[in-house]
Each structure stands twice: as C-alpha cells, then as structure tokens.
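Trainee: Just one file: coords.cif, with mmCIF, C-alpha atoms.
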```cif
data_run
loop_
_atom_site.label_atom_id
_atom_site.label_comp_id
_atom_site.auth_asym_id
_atom_site.auth_seq_id
_atom_site.Cartn_x
_atom_site.Cartn_y
_atom_site.Cartn_z
CA MET A 25 -3.51 23.80 -1.93
CA THR A 26 -3.67 20.00 -1.94
CA SER A 27 -2.72 19.76 -5.62
CA LEU A 28 0.16 22.19 -5.07
CA ARG A 29 1.43 20.06 -2.18
CA ALA A 30 1.16 16.93 -4.33
CA ALA A 31 3.02 18.59 -7.22
CA LEU A 32 5.83 19.65 -4.88
CA SER A 33 6.36 16.08 -3.72
CA LEU A 34 6.75 14.56 -7.20
CA VAL A 35 10.07 12.79 -7.84
CA ASP A 36 12.06 14.23 -10.73
CA SER A 37 12.89 11.62 -13.34
CA ALA A 38 13.76 11.45 -17.02
CA VAL A 39 13.52 9.06 -19.93
CA LEU A 40 15.24 8.82 -23.28
CA ALA A 41 13.10 7.91 -26.29
CA PRO A 42 15.73 6.52 -28.69
CA ILE A 43 14.76 6.65 -32.36
CA TYR A 44 16.61 5.48 -35.46
CA ARG A 45 16.10 4.49 -39.09
CA ASP A 46 16.45 0.79 -39.77
CA PRO A 47 18.08 -0.54 -42.99
CA ARG A 48 14.67 -0.35 -44.72
CA GLY A 49 14.40 3.37 -43.85
CA ARG A 50 11.66 2.90 -41.23
CA LEU A 51 11.78 4.91 -38.03
CA ARG A 52 11.98 2.70 -34.95
CA LEU A 53 11.46 3.61 -31.31
CA VAL A 54 13.32 1.69 -28.63
CA PHE A 55 11.30 0.58 -25.62
CA ILE A 56 11.96 -1.60 -22.62
CA ARG A 57 9.71 -4.00 -20.77
CA ARG A 58 10.42 -3.62 -17.09
CA GLY A 59 10.94 -6.66 -14.90
CA PRO A 60 8.02 -7.86 -12.79
CA HIS A 61 9.13 -6.11 -9.61
CA GLY A 62 8.68 -2.51 -8.51
CA ILE A 63 6.09 0.18 -9.03
CA HIS A 64 6.17 -0.12 -12.84
CA GLY A 65 6.68 -3.89 -13.00
CA GLY A 66 6.01 -5.46 -16.39
CA GLN A 67 5.21 -2.16 -18.10
CA ILE A 68 6.45 -1.01 -21.49
CA ALA A 69 8.51 2.15 -21.06
CA PHE A 70 11.42 4.13 -22.39
CA PRO A 71 14.80 3.73 -20.68
CA GLY A 72 14.91 6.07 -17.73
CA GLY A 73 14.53 6.61 -14.03
CA ARG A 74 14.79 9.00 -11.14
CA ARG A 75 17.30 11.81 -10.99
CA GLU A 76 20.31 11.07 -8.81
CA PRO A 77 22.21 13.77 -6.87
CA GLU A 78 25.23 13.43 -9.17
CA ASP A 79 23.14 14.16 -12.30
CA PRO A 80 23.75 17.80 -13.31
CA ASP A 81 20.37 17.95 -15.07
CA LEU A 82 17.51 15.77 -16.27
CA LEU A 83 19.10 15.17 -19.69
CA ALA A 84 22.08 13.67 -17.86
CA THR A 85 19.62 11.47 -15.95
CA ALA A 86 18.02 10.21 -19.17
CA LEU A 87 21.39 9.47 -20.79
CA ARG A 88 22.78 7.78 -17.66
CA GLU A 89 19.71 5.58 -17.29
CA ALA A 90 19.73 4.60 -20.98
CA GLU A 91 23.35 3.54 -20.67
CA GLU A 92 22.65 1.58 -17.47
CA GLU A 93 19.47 -0.11 -18.69
CA VAL A 94 20.18 -0.89 -22.35
CA GLY A 95 23.89 -0.16 -22.86
CA LEU A 96 23.35 2.93 -25.03
CA GLU A 97 26.48 5.08 -25.00
CA PRO A 98 25.59 8.79 -24.56
CA GLY A 99 27.94 9.77 -27.41
CA ARG A 100 25.76 7.79 -29.85
CA VAL A 101 22.71 9.98 -29.10
CA GLU A 102 21.79 13.27 -30.74
CA ILE A 103 19.05 14.97 -28.71
CA LEU A 104 16.33 16.17 -31.06
CA ALA A 105 13.87 17.55 -28.52
CA ALA A 106 12.95 17.92 -24.90
CA LEU A 107 9.31 16.78 -25.00
CA PRO A 108 6.57 18.05 -22.66
CA VAL A 109 7.05 17.01 -19.05
CA ILE A 110 4.55 14.46 -17.77
CA GLU A 111 3.34 14.22 -14.18
CA THR A 112 2.14 10.87 -12.94
CA MET A 113 0.14 11.77 -9.89
CA ALA A 114 -0.78 8.12 -9.18
CA THR A 115 2.86 7.04 -8.87
CA GLY A 116 4.40 10.39 -7.88
CA PHE A 117 6.82 11.13 -10.73
CA ARG A 118 7.53 14.20 -12.84
CA VAL A 119 9.01 12.75 -16.04
CA ALA A 120 11.14 14.77 -18.44
CA PRO A 121 11.22 12.91 -21.79
CA PHE A 122 13.95 13.48 -24.38
CA LEU A 123 13.77 12.32 -27.99
CA GLY A 124 17.19 11.17 -29.15
CA ARG A 125 18.30 10.02 -32.59
CA LEU A 126 20.86 7.23 -32.60
CA ASN A 127 23.94 8.01 -34.69
CA GLY A 128 25.54 5.27 -36.74
CA ALA A 129 24.33 1.70 -36.89
CA PRO A 130 21.88 0.59 -34.21
CA PRO A 131 23.87 -0.54 -31.19
CA THR A 132 24.09 -4.01 -29.83
CA TRP A 133 21.85 -3.73 -26.79
CA ARG A 134 23.05 -4.74 -23.35
CA ARG A 135 20.02 -5.32 -21.12
CA GLN A 136 20.30 -4.65 -17.39
CA GLU A 137 19.00 -8.05 -16.33
CA THR A 138 17.91 -7.06 -12.82
CA GLU A 139 15.50 -4.37 -14.08
CA ILE A 140 14.74 -5.01 -17.74
CA ASP A 141 13.06 -8.13 -19.13
CA GLU A 142 13.13 -7.18 -22.78
CA ILE A 143 14.27 -4.51 -25.25
CA LEU A 144 11.78 -3.76 -28.03
CA GLU A 145 12.51 -1.93 -31.30
CA GLU A 146 9.09 -0.95 -32.63
CA PRO A 147 8.59 0.53 -36.11
CA LEU A 148 6.81 3.85 -35.65
CA GLU A 149 4.51 3.00 -38.56
CA ASP A 150 3.22 0.01 -36.58
CA LEU A 151 1.97 2.41 -33.90
CA THR A 152 -0.06 4.32 -36.49
CA ARG A 153 -2.01 1.29 -37.75
CA PRO A 154 -5.69 1.45 -36.72
CA ASP A 155 -5.48 -1.93 -34.97
CA ALA A 156 -2.50 -0.79 -32.86
CA HIS A 157 -4.55 1.73 -30.87
CA ALA A 158 -7.38 0.88 -28.50
CA VAL A 159 -9.23 2.13 -25.43
CA GLU A 160 -10.47 0.03 -22.52
CA TYR A 161 -11.88 0.64 -19.06
CA TRP A 162 -9.44 -0.50 -16.38
CA GLN A 163 -9.77 -0.76 -12.62
CA LEU A 164 -6.35 -0.41 -11.03
CA PRO A 165 -5.47 -0.59 -7.33
CA GLY A 166 -6.22 2.69 -5.58
CA TRP A 167 -8.68 3.90 -8.20
CA PRO A 168 -12.20 4.49 -6.89
CA ALA A 169 -13.75 3.50 -10.25
CA PRO A 170 -12.68 2.12 -13.64
CA ARG A 171 -11.11 4.66 -15.99
CA GLU A 172 -10.90 4.88 -19.74
CA ILE A 173 -7.31 4.03 -20.70
CA PRO A 174 -5.96 4.55 -24.24
CA PHE A 175 -3.08 2.31 -25.23
CA TYR A 176 -1.02 0.96 -28.11
CA ARG A 177 -0.56 -2.72 -28.78
CA ILE A 178 3.06 -3.76 -29.22
CA GLY A 179 3.03 -7.46 -29.94
CA PRO A 180 1.43 -9.10 -26.89
CA TYR A 181 1.90 -5.98 -24.73
CA LYS A 182 -0.05 -2.82 -23.98
CA LEU A 183 1.80 0.49 -23.93
CA TRP A 184 -0.17 2.95 -21.79
CA GLY A 185 0.09 5.72 -19.19
CA ALA A 186 3.04 8.10 -19.29
CA THR A 187 4.74 6.15 -22.08
CA TYR A 188 1.56 6.42 -24.18
CA ARG A 189 1.54 10.18 -23.65
CA ILE A 190 5.22 10.44 -24.60
CA VAL A 191 4.58 8.51 -27.83
CA GLU A 192 1.77 10.95 -28.62
CA SER A 193 4.25 13.84 -28.09
CA ILE A 194 6.76 12.13 -30.41
CA ARG A 195 4.12 11.73 -33.09
CA ASP A 196 3.23 15.44 -32.73
CA TYR A 197 6.92 16.38 -32.99
CA LEU A 198 7.44 14.24 -36.09
CA GLU A 199 4.53 15.97 -37.88
CA THR A 200 6.66 19.11 -38.14
CA HIS A 201 10.25 17.82 -37.95
CA ASP A 202 12.36 15.43 -40.02
CA VAL A 203 14.41 12.74 -38.33
#
```
Step by step, read the file and then write its structure as structure tokens.
Mentor:
Amino acid sequence: MTSLRAALSLVDSAVLAPIYRDPRGRLRLVFIRRGPHGIHGGQIAFPGGRREPEDPDLLATALREAEEEVGLEPGRVEILAALPVIETMATGFRVAPFLGRLNGAPPTWRRQETEIDEILEEPLEDLTRPDAHAVEYWQLPGWPAPREIPFYRIGPYKLWGATYRIVESIRDYLETHDV
C-alpha cells in the first residue's frame, strides 16, 4: 500500500530527447546542464519539466519545455518514439521521455538563462566508448547507504539517474530502428 500511495503522488513530467545527424553523419543527442538551483541543480538532462494544466498531453509538455529551455520550435521535431516512462521515487517524478528527430539543419539554440547553464550536443558514438561509461558508489542526501550508480561521462560531467536510463532506452531503440 505504501508504494501505491507513493506512485499516486508522483508529478507527471516529460522530456524531449532531440537527436540529429551532424554534417559528418554522426548522430548527436542534445542535452542541457541545469543551473545550480532547484532539485536537479547542475545535472545533465534532456529539455523537459512538469506537466502544466494547459498541456493537452505529455508530448505537448515535452515540446513546450524544449521550446522554453533551448528554443527548439515544435515544428522542427519529428517524434520517433515514446520511450518507457521512468519513475524517480527519490525526487517524486513520473517522466515520459520522447525521442525526436530534428528536421532540417540543427537550430541555433536559445538557452533559457534562468534555468539552463549549458546546451550540449553529444555524439552518440561518444557514449558507446568504453571509457565513457563507469559505475561508482555514491552517498546522496536522504540515502541510508551508498548506492552503485552507473553513469556516462560527457566532458567534465556525469550523466546519471533518469537521464542515464533514458539514454539506455534510446540505445535500445536505435538497435532496431534507423534515424
């Protein structure tokens, strides 16, 4: 009963995982690094956020947030897949991720300065290098003991948690689908 109660109180949210081919033909994923404030401060993520009452569905949430956070016009995005929903019990979110291919040339990004510190365009092949993936034991606030945390290295940053799990879903999707 406790887990059911916890699941019912999760906040619906959505993210867009933008993907495109660069001029060299490499697939690139677009990430953001959140500003230092808030529950996910400093983390690498996909553009996204909580569902607002005016959003007709979670896809609309993902597209709205991507436009607000990085200036990505919804008309430039072709949705390839709704990926498996992720629940983040520690922070209380139910995240609906959408994989979206960017049509045309990559846009000129417009970063929402109050929330986003950086926009990162990471070649997918860089995430498959053996040295890009690691596992460490972390002790985070509220955890009774250290936990094993898998992550990807993106430059000086660590991509972990829900975003890590979404990247794993994207990799699974790309094993059977062309982009």
Trainee: What's the separation between CA of Glu149 (chain A) and CA of Arg88 (chain A), in Å to one decimal place?
Mentor: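 Distance reported for this atom pair: 28.2 Å.
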Trainee: On this structure, the PyMOL selection byres ((chain A and resi 91) around 12) would catch which residues? List them as an mmCIF file with C-alpha atoms, keeping the file's coordinate frame, sorted by chain and number.
Mentor:
```
data_model
loop_
_atom_site.group_PDB
_atom_site.id
_atom_site.type_symbol
_atom_site.label_atom_id
_atom_site.label_comp_id
_atom_site.auth_asym_id
_atom_site.auth_seq_id
_atom_site.Cartn_x
_atom_site.Cartn_y
_atom_site.Cartn_z
ATOM 1 C CA VAL A 39 13.520 9.060 -19.930
ATOM 2 C CA LEU A 40 15.240 8.820 -23.280
ATOM 3 C CA PRO A 42 15.730 6.520 -28.690
ATOM 4 C CA PRO A 71 14.800 3.730 -20.680
ATOM 5 C CA GLY A 72 14.910 6.070 -17.730
ATOM 6 C CA GLY A 73 14.530 6.610 -14.030
ATOM 7 C CA ALA A 84 22.080 13.670 -17.860
ATOM 8 C CA THR A 85 19.620 11.470 -15.950
ATOM 9 C CA ALA A 86 18.020 10.210 -19.170
ATOM 10 C CA LEU A 87 21.390 9.470 -20.790
ATOM 11 C CA ARG A 88 22.780 7.780 -17.660
ATOM 12 C CA GLU A 89 19.710 5.580 -17.290
ATOM 13 C CA ALA A 90 19.730 4.600 -20.980
ATOM 14 C CA GLU A 92 22.650 1.580 -17.470
ATOM 15 C CA GLU A 93 19.470 -0.110 -18.690
ATOM 16 C CA VAL A 94 20.180 -0.890 -22.350
ATOM 17 C CA GLY A 95 23.890 -0.160 -22.860
ATOM 18 C CA LEU A 96 23.350 2.930 -25.030
ATOM 19 C CA GLU A 97 26.480 5.080 -25.000
ATOM 20 C CA PRO A 98 25.590 8.790 -24.560
ATOM 21 C CA GLY A 99 27.940 9.770 -27.410
ATOM 22 C CA ARG A 100 25.760 7.790 -29.850
ATOM 23 C CA VAL A 101 22.710 9.980 -29.100
ATOM 24 C CA PRO A 131 23.870 -0.540 -31.190
ATOM 25 C CA THR A 132 24.090 -4.010 -29.830
ATOM 26 C CA TRP A 133 21.850 -3.730 -26.790
ATOM 27 C CA ARG A 134 23.050 -4.740 -23.350
ATOM 28 C CA ARG A 135 20.020 -5.320 -21.120
ATOM 29 C CA GLN A 136 20.300 -4.650 -17.390
#
```
Trainee: Report, in Å with one decimal, the straight-line distance from CA of Val191 (chain A) to CA of Leu82 (chain A).
Mentor: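 CA of Val191 (chain A) sits 18.8 Å away from CA of Leu82 (chain A).
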Trainee: Take the point (2.0, 5.3, -26.2) as written in the file and pick out every residue within 10 Å of it, counting all atoms listed in the file; give the list as an MDAnalysis selection string.
Mentor: chainID A and resid 68:69 151 157 174:178 182:195
Trainee: Would you mind telling me which residue in A:Ala169, A:Leu83, A:Ile103, A:Leu144 lies nearest to Leu53 (chain A) when using all atoms listed in the file?
Mentor: A:Leu144
Trainee: If I take CA of Pro121 (chain A) and CA of Leu104 (chain A), how far is one from the other in Å, to one decimal?
Mentor: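 Taking CA of Pro121 (chain A) and CA of Leu104 (chain A), their separation equals 11.1 Å.
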Trainee: Go through A:Arg118, A:Arg125, A:Arg50, A:Arg74 and flag the residue nearest Glu102 (chain A), using all atoms listed in the file for the distances.
Mentor: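 With all atoms listed in the file as the atom set, the closest residue is A:Arg125.
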Trainee: To test the calculation: enclose all listed atoms of region 165-182 of chain A in a box whose edges run along x, y and z, add 8 Å on each side, then state centre and edge lengths in Å to one decimal, as AutoDock Vina command-line options.
Mentor:
```
--center_x -5.3 --center_y -2.1 --center_z -17.8 --size_x 32.8 --size_y 30.0 --size_z 40.4
```
Trainee: What do you get, as a compact mmCIF listing (two decimals) with C-alpha atoms, in the coordinates of the input, if you spell out every residue that the PyMOL selection byres ((chain A and resi 141) around 7) selects here?
Mentor:
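Result file is part_26.txt:
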```txt
# COMPACT_ATOMS: atom_id res chain seq x y z
CA ARG A 57 9.71 -4.00 -20.77
CA ARG A 58 10.42 -3.62 -17.09
CA GLY A 59 10.94 -6.66 -14.90
CA GLU A 137 19.00 -8.05 -16.33
CA GLU A 139 15.50 -4.37 -14.08
CA ILE A 140 14.74 -5.01 -17.74
CA GLU A 142 13.13 -7.18 -22.78
```
Trainee: Considering all atoms listed in the file, can you say which of A:Leu51, A:Ile143, A:Leu198, A:Val35 comes closest to Ala114 (chain A)?
Mentor: A:Val35
Trainee: Applying 8 Å and all atoms listed in the file, which residues near Arg171 (chain A) remain after dropping the ones on its own chain fewer than 3 positions away? List them as a ChimeraX atom specification.
Mentor: /A:161-163
Trainee: Would you write out those residues with C-alpha atoms, as a PDB file, keeping the file's coordinate frame?
Mentor:
```pdb
ATOM      1  CA  TYR A 161     -11.880   0.640 -19.060  1.00  0.00           C
ATOM      2  CA  TRP A 162      -9.440  -0.500 -16.380  1.00  0.00           C
ATOM      3  CA  GLN A 163      -9.770  -0.760 -12.620  1.00  0.00           C
TER       4      GLN A 163
END
```
Trainee: Out of A:Gly179, A:Pro108, A:Pro170, A:Pro47, which residue has the shortest atom-to-atom distance to Ala156 (chain A) when counting all atoms listed in the file?
Mentor: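 Closest to Ala156 (chain A) of all the choices is A:Gly179.
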Trainee: Can you fill out region 143-174 of chain A with N, CA and C atoms and hand it back as a CSV table (one decimal), in the coordinates of the input?
Mentor:
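So part.csv came out as:
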```csv
chain,number,residue,atom,x,y,z
A,143,ILE,N,14.1,-5.7,-24.5
A,143,ILE,CA,14.3,-4.5,-25.2
A,143,ILE,C,13.5,-4.7,-26.5
A,144,LEU,N,12.7,-3.7,-26.9
A,144,LEU,CA,11.8,-3.8,-28.0
A,144,LEU,C,12.1,-2.6,-29.0
A,145,GLU,N,12.2,-2.9,-30.3
A,145,GLU,CA,12.5,-1.9,-31.3
A,145,GLU,C,11.3,-1.9,-32.2
A,146,GLU,N,10.4,-1.0,-32.0
A,146,GLU,CA,9.1,-1.0,-32.6
A,146,GLU,C,9.1,0.0,-33.8
A,147,PRO,N,8.7,-0.4,-35.0
A,147,PRO,CA,8.6,0.5,-36.1
A,147,PRO,C,7.5,1.5,-35.8
A,148,LEU,N,7.8,2.8,-35.9
A,148,LEU,CA,6.8,3.8,-35.6
A,148,LEU,C,5.5,3.7,-36.5
A,149,GLU,N,5.7,3.2,-37.7
A,149,GLU,CA,4.5,3.0,-38.6
A,149,GLU,C,3.6,2.0,-38.0
A,150,ASP,N,4.1,1.0,-37.2
A,150,ASP,CA,3.2,0.0,-36.6
A,150,ASP,C,2.3,0.6,-35.5
A,151,LEU,N,2.8,1.7,-34.9
A,151,LEU,CA,2.0,2.4,-33.9
A,151,LEU,C,0.9,3.3,-34.5
A,152,THR,N,1.0,3.5,-35.8
A,152,THR,CA,-0.1,4.3,-36.5
A,152,THR,C,-1.1,3.5,-37.2
A,153,ARG,N,-1.0,2.2,-37.2
A,153,ARG,CA,-2.0,1.3,-37.8
A,153,ARG,C,-3.3,1.4,-36.9
A,154,PRO,N,-4.4,1.4,-37.5
A,154,PRO,CA,-5.7,1.4,-36.7
A,154,PRO,C,-5.8,0.4,-35.7
A,155,ASP,N,-5.3,-0.8,-35.9
A,155,ASP,CA,-5.5,-1.9,-35.0
A,155,ASP,C,-4.5,-1.9,-33.8
A,156,ALA,N,-3.5,-0.9,-33.9
A,156,ALA,CA,-2.5,-0.8,-32.9
A,156,ALA,C,-3.0,0.0,-31.7
A,157,HIS,N,-4.0,0.8,-31.9
A,157,HIS,CA,-4.6,1.7,-30.9
A,157,HIS,C,-5.9,1.2,-30.4
A,158,ALA,N,-6.1,1.3,-29.1
A,158,ALA,CA,-7.4,0.9,-28.5
A,158,ALA,C,-7.6,1.6,-27.2
A,159,VAL,N,-8.8,1.5,-26.7
A,159,VAL,CA,-9.2,2.1,-25.4
A,159,VAL,C,-10.0,1.1,-24.7
A,160,GLU,N,-9.7,0.9,-23.4
A,160,GLU,CA,-10.5,0.0,-22.5
A,160,GLU,C,-10.7,0.7,-21.2
A,161,TYR,N,-11.7,0.2,-20.4
A,161,TYR,CA,-11.9,0.6,-19.1
A,161,TYR,C,-11.1,-0.3,-18.1
A,162,TRP,N,-10.2,0.3,-17.3
A,162,TRP,CA,-9.4,-0.5,-16.4
A,162,TRP,C,-9.7,-0.1,-15.0
A,163,GLN,N,-9.7,-1.0,-14.1
A,163,GLN,CA,-9.8,-0.8,-12.6
A,163,GLN,C,-8.4,-1.1,-12.0
A,164,LEU,N,-7.7,-0.2,-11.6
A,164,LEU,CA,-6.4,-0.4,-11.0
A,164,LEU,C,-6.4,-0.2,-9.5
A,165,PRO,N,-5.5,-0.8,-8.8
A,165,PRO,CA,-5.5,-0.6,-7.3
A,165,PRO,C,-5.4,0.9,-7.0
A,166,GLY,N,-6.2,1.3,-6.0
A,166,GLY,CA,-6.2,2.7,-5.6
A,166,GLY,C,-7.2,3.6,-6.4
A,167,TRP,N,-7.7,3.1,-7.4
A,167,TRP,CA,-8.7,3.9,-8.2
A,167,TRP,C,-10.1,3.6,-7.7
A,168,PRO,N,-10.8,4.7,-7.4
A,168,PRO,CA,-12.2,4.5,-6.9
A,168,PRO,C,-13.2,3.9,-7.9
A,169,ALA,N,-12.9,4.0,-9.2
A,169,ALA,CA,-13.8,3.5,-10.2
A,169,ALA,C,-12.9,3.2,-11.5
A,170,PRO,N,-13.4,2.4,-12.4
A,170,PRO,CA,-12.7,2.1,-13.6
A,170,PRO,C,-12.5,3.4,-14.4
A,171,ARG,N,-11.4,3.5,-15.2
A,171,ARG,CA,-11.1,4.7,-16.0
A,171,ARG,C,-10.9,4.2,-17.4
A,172,GLU,N,-11.2,5.1,-18.3
A,172,GLU,CA,-10.9,4.9,-19.7
A,172,GLU,C,-9.4,5.1,-20.0
A,173,ILE,N,-8.8,4.0,-20.5
A,173,ILE,CA,-7.3,4.0,-20.7
A,173,ILE,C,-7.0,3.8,-22.2
A,174,PRO,N,-6.4,4.8,-22.9
A,174,PRO,CA,-6.0,4.6,-24.2
A,174,PRO,C,-4.6,3.9,-24.2
```
